[in-house]
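Asks: Below is one structure. I have some questions about it.
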Amino acid sequence: MADGDKNVTISNPWTHLRRHTPARIALGRTGVSLPTSEHLAFQLAHARARSAVHHAIDLSKLVQDLSRFGAAVEVHSAAPDRPTYLQRPDLGRRLSPASAKKLGAEVKGPFDIAYVVADGLSAYAVEKNIVPFLEAMLPLSDKAGWRRAPLIVAGQGRVALGDEIGSIIGARMVAMLIGERPGLSSPDSLGIYLTYKPKVGLTDADRNCISNVRAEGLSYAEAAYKLHYLASEALRRKLSGVNLKDEAEALPRPEAGRARNFLLDAPKG
């Protein structure tokens, strides 16, 4: 093979678009294959996603980290360990008998809102994002005058675990803050699921979701803005889910650099 015929990487004409997104576009090619650099980058992203799924969160440390916001109560789902949690999603949706008993004895409502922090499918998401999100959100709850339950920290939890927790403690709303299933460009995204009048047996149609909360995605201030709007409307209209539309985009937007002050000036629910 002559030197001029050796394989070379051919750039994609859309390469400039990669400045605006982490999505895998305009990767170029070497012959009919991906360039080696892109193939290695894919393998690294896949490894990070797998690591996020299997990573076990340190609940004791998380409870300690969240103590700055007040009391926090640690509970566990019926899934005893990570392998069982991944293989039996149903167990992650219910509390263990011991945790259900503990929660009923230690936390007594009524409350307007309960925030439940769960590892979900990415403990990295919680470890990285939960403190800055709560720093943006909790002042809104408090200024609105909502009766807020102690933070509930749940190990091996799925989204629906919040329904049982909210029902036990007598919360009108529950906001589940949970690690989302990792993507190949986002192994650390936090998801927020708001449910009005939580009880065991509800479906995803009964919840409102705010996703991709992280420094590289939806900002903490913006996520708090959306959750505050949805929770205020849920209390006003006494519903959540498909019947409660996210119309926060129609509201005045915070100016750059003033998000925190704008949020604190948001109307009460």
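Lettering and numbering for the structure tokens are positional, with chains as A, B, ... in the shown order, residues counted from 1 in each chain, and ligands counted from 1 in the shown order.
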Residues within 10 Å of Asp206 (chain A), please, as a PyMOL selection string. Count only C-alpha atoms; anything in the same chain fewer than 5 positions from it doesn't count.
Replies: chain A and resi 193-198+239-244
Asks: Write down as an MDAnalysis selection string the residues of region 50-151 of chain A whose backbone DSSP state falls under strand (DSSP E).
Replies: chainID A and resid 72:76 111:118 151
Asks: With a distance cut-off of 8 Å and only C-alpha atoms, select the neighbouring residues of Val153 (chain A), excluding the residue or stretch itself and same-chain residues fewer than 2 positions from it, and output the selection as a ChimeraX atom specification.
Replies: /A:59,62-63,72-75,116-118,151,155
Asks: Between A:Arg158, A:Lys199, A:Arg214, A:Arg19, which one has atoms that come closest to Ile130 (chain A), using only C-alpha atoms?
Replies: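 Closest to Ile130 (chain A) of all the choices is A:Arg214.
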Asks: Have a look at A:Gln64, A:Ser141, A:Asn129, A:Ser167 and name the one nearest to Leu103 (chain A); count only C-alpha atoms.
Replies: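 Result for the nearest residue to Leu103 (chain A): A:Ser167.
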Asks: Tell me which of A:Arg29, A:Thr36, A:Leu66, A:His55 sits closest to Val131 (chain A), counting only C-alpha atoms.
Replies: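 Closest residue, counting only C-alpha atoms: A:Leu66.
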Asks: Write out as a PyMOL selection string each polymer residue whose atoms come within 8 Å of region 209-213 of chain A, counting only C-alpha atoms; drop sequence neighbours fewer than 2 positions from it.
Replies: chain A and resi 129+180+189-194+207+215+217-220+223+226-227
Asks: Between CA of Gly162 (chain A) and CA of Pro132 (chain A), what is the distance, to one decimal in Å?
Replies: 21.0 Å
Asks: From the set A:Gln87, A:Ile152, A:Val8, A:Gly31, which residue has the shortest atom-to-atom contact distance to Ser67 (chain A), counting only C-alpha atoms?
Replies: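 Nearest to Ser67 (chain A): A:Ile152.
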Asks: Given the choices A:Ser77, A:Leu161, A:Ala100, A:Ala144, which gets closest to Gly201 (chain A) if the distance is worked out from only C-alpha atoms?
Replies: A:Leu161
Asks: Can you check which residues of region 154-221 of chain A DSSP gives as helix (DSSP H, G or I) on the backbone and send them as a ChimeraX atom specification?
Replies: /A:161-169,204-206,220-221
Asks: Residues of the last selection are to be written out with N, CA and C atoms, as an mmCIF file, in the first residue's frame.
Replies:
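Contents of again_8.cif, as written:
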data_model
loop_
_atom_site.group_PDB
_atom_site.id
_atom_site.type_symbol
_atom_site.label_atom_id
_atom_site.label_comp_id
_atom_site.auth_asym_id
_atom_site.auth_seq_id
_atom_site.Cartn_x
_atom_site.Cartn_y
_atom_site.Cartn_z
ATOM 1 N N LEU A 161 -41.136 4.298 45.301
ATOM 2 C CA LEU A 161 -40.933 4.196 46.745
ATOM 3 C C LEU A 161 -41.443 5.445 47.450
ATOM 4 N N GLY A 162 -41.386 6.571 46.773
ATOM 5 C CA GLY A 162 -41.873 7.814 47.361
ATOM 6 C C GLY A 162 -43.355 7.782 47.675
ATOM 7 N N ASP A 163 -44.123 6.983 46.921
ATOM 8 C CA ASP A 163 -45.563 6.908 47.164
ATOM 9 C C ASP A 163 -45.859 6.314 48.533
ATOM 10 N N GLU A 164 -45.168 5.225 48.866
ATOM 11 C CA GLU A 164 -45.382 4.604 50.169
ATOM 12 C C GLU A 164 -44.883 5.516 51.281
ATOM 13 N N ILE A 165 -43.734 6.139 51.079
ATOM 14 C CA ILE A 165 -43.179 7.037 52.093
ATOM 15 C C ILE A 165 -44.128 8.198 52.356
ATOM 16 N N GLY A 166 -44.597 8.839 51.298
ATOM 17 C CA GLY A 166 -45.506 9.965 51.463
ATOM 18 C C GLY A 166 -46.795 9.578 52.155
ATOM 19 N N SER A 167 -47.293 8.389 51.834
ATOM 20 C CA SER A 167 -48.526 7.912 52.451
ATOM 21 C C SER A 167 -48.343 7.656 53.946
ATOM 22 N N ILE A 168 -47.226 7.049 54.318
ATOM 23 C CA ILE A 168 -46.979 6.717 55.724
ATOM 24 C C ILE A 168 -46.860 7.963 56.584
ATOM 25 N N ILE A 169 -46.158 8.974 56.090
ATOM 26 C CA ILE A 169 -45.892 10.148 56.933
ATOM 27 C C ILE A 169 -46.953 11.231 56.799
ATOM 28 N N ASP A 204 -46.729 6.097 36.699
ATOM 29 C CA ASP A 204 -45.999 7.269 36.227
ATOM 30 C C ASP A 204 -46.936 8.330 35.663
ATOM 31 N N ALA A 205 -48.140 7.945 35.250
ATOM 32 C CA ALA A 205 -49.109 8.924 34.757
ATOM 33 C C ALA A 205 -49.555 9.881 35.853
ATOM 34 N N ASP A 206 -49.313 9.503 37.122
ATOM 35 C CA ASP A 206 -49.719 10.328 38.259
ATOM 36 C C ASP A 206 -48.613 11.262 38.733
ATOM 37 N N TYR A 220 -29.490 23.785 38.548
ATOM 38 C CA TYR A 220 -30.182 23.597 39.826
ATOM 39 C C TYR A 220 -31.238 24.677 40.036
ATOM 40 N N ALA A 221 -30.906 25.916 39.696
ATOM 41 C CA ALA A 221 -31.865 27.001 39.869
ATOM 42 C C ALA A 221 -33.078 26.806 38.966
#
Asks: So, counting only C-alpha atoms, which residue among A:Thr9, A:Met173, A:Ala136, A:Ile178 is closest to Lys238 (chain A)?
Replies: A:Met173
Asks: What does the distance between CA of Ala98 (chain A) and CA of Ala78 (chain A) come to in Å, to one decimal place?
Replies: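 Separation of CA of Ala98 (chain A) and CA of Ala78 (chain A): 9.2 Å.
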Asks: If you count only C-alpha atoms, which residues fall within 9 Å of Ile57 (chain A), apart from same-chain ones fewer than 6 positions away, as a compact mmCIF listing (two decimals) with N, CA and C atoms, in the first residue's frame?
Replies:
# COMPACT_ATOMS: atom_id res chain seq x y z
N ASP A 119 -30.92 6.72 45.81
CA ASP A 119 -29.80 6.47 44.90
C ASP A 119 -30.28 6.14 43.49
N SER A 122 -28.28 5.68 39.64
CA SER A 122 -27.00 6.39 39.59
C SER A 122 -26.75 7.08 40.91
N ALA A 123 -26.03 6.42 41.79
CA ALA A 123 -25.66 7.06 43.06
C ALA A 123 -24.78 8.27 42.81
N TYR A 124 -24.00 8.25 41.72
CA TYR A 124 -23.16 9.39 41.39
C TYR A 124 -24.01 10.66 41.25
N VAL A 126 -26.75 11.51 42.76
CA VAL A 126 -27.12 12.03 44.07
C VAL A 126 -25.91 12.65 44.76
N GLU A 127 -24.80 11.94 44.74
CA GLU A 127 -23.59 12.43 45.41
C GLU A 127 -23.14 13.78 44.84
N GLY A 155 -32.22 4.06 50.61
CA GLY A 155 -31.26 3.21 49.90
C GLY A 155 -31.96 2.20 49.01
N GLN A 156 -31.39 1.93 47.85
CA GLN A 156 -31.93 0.97 46.87
C GLN A 156 -33.38 1.32 46.50
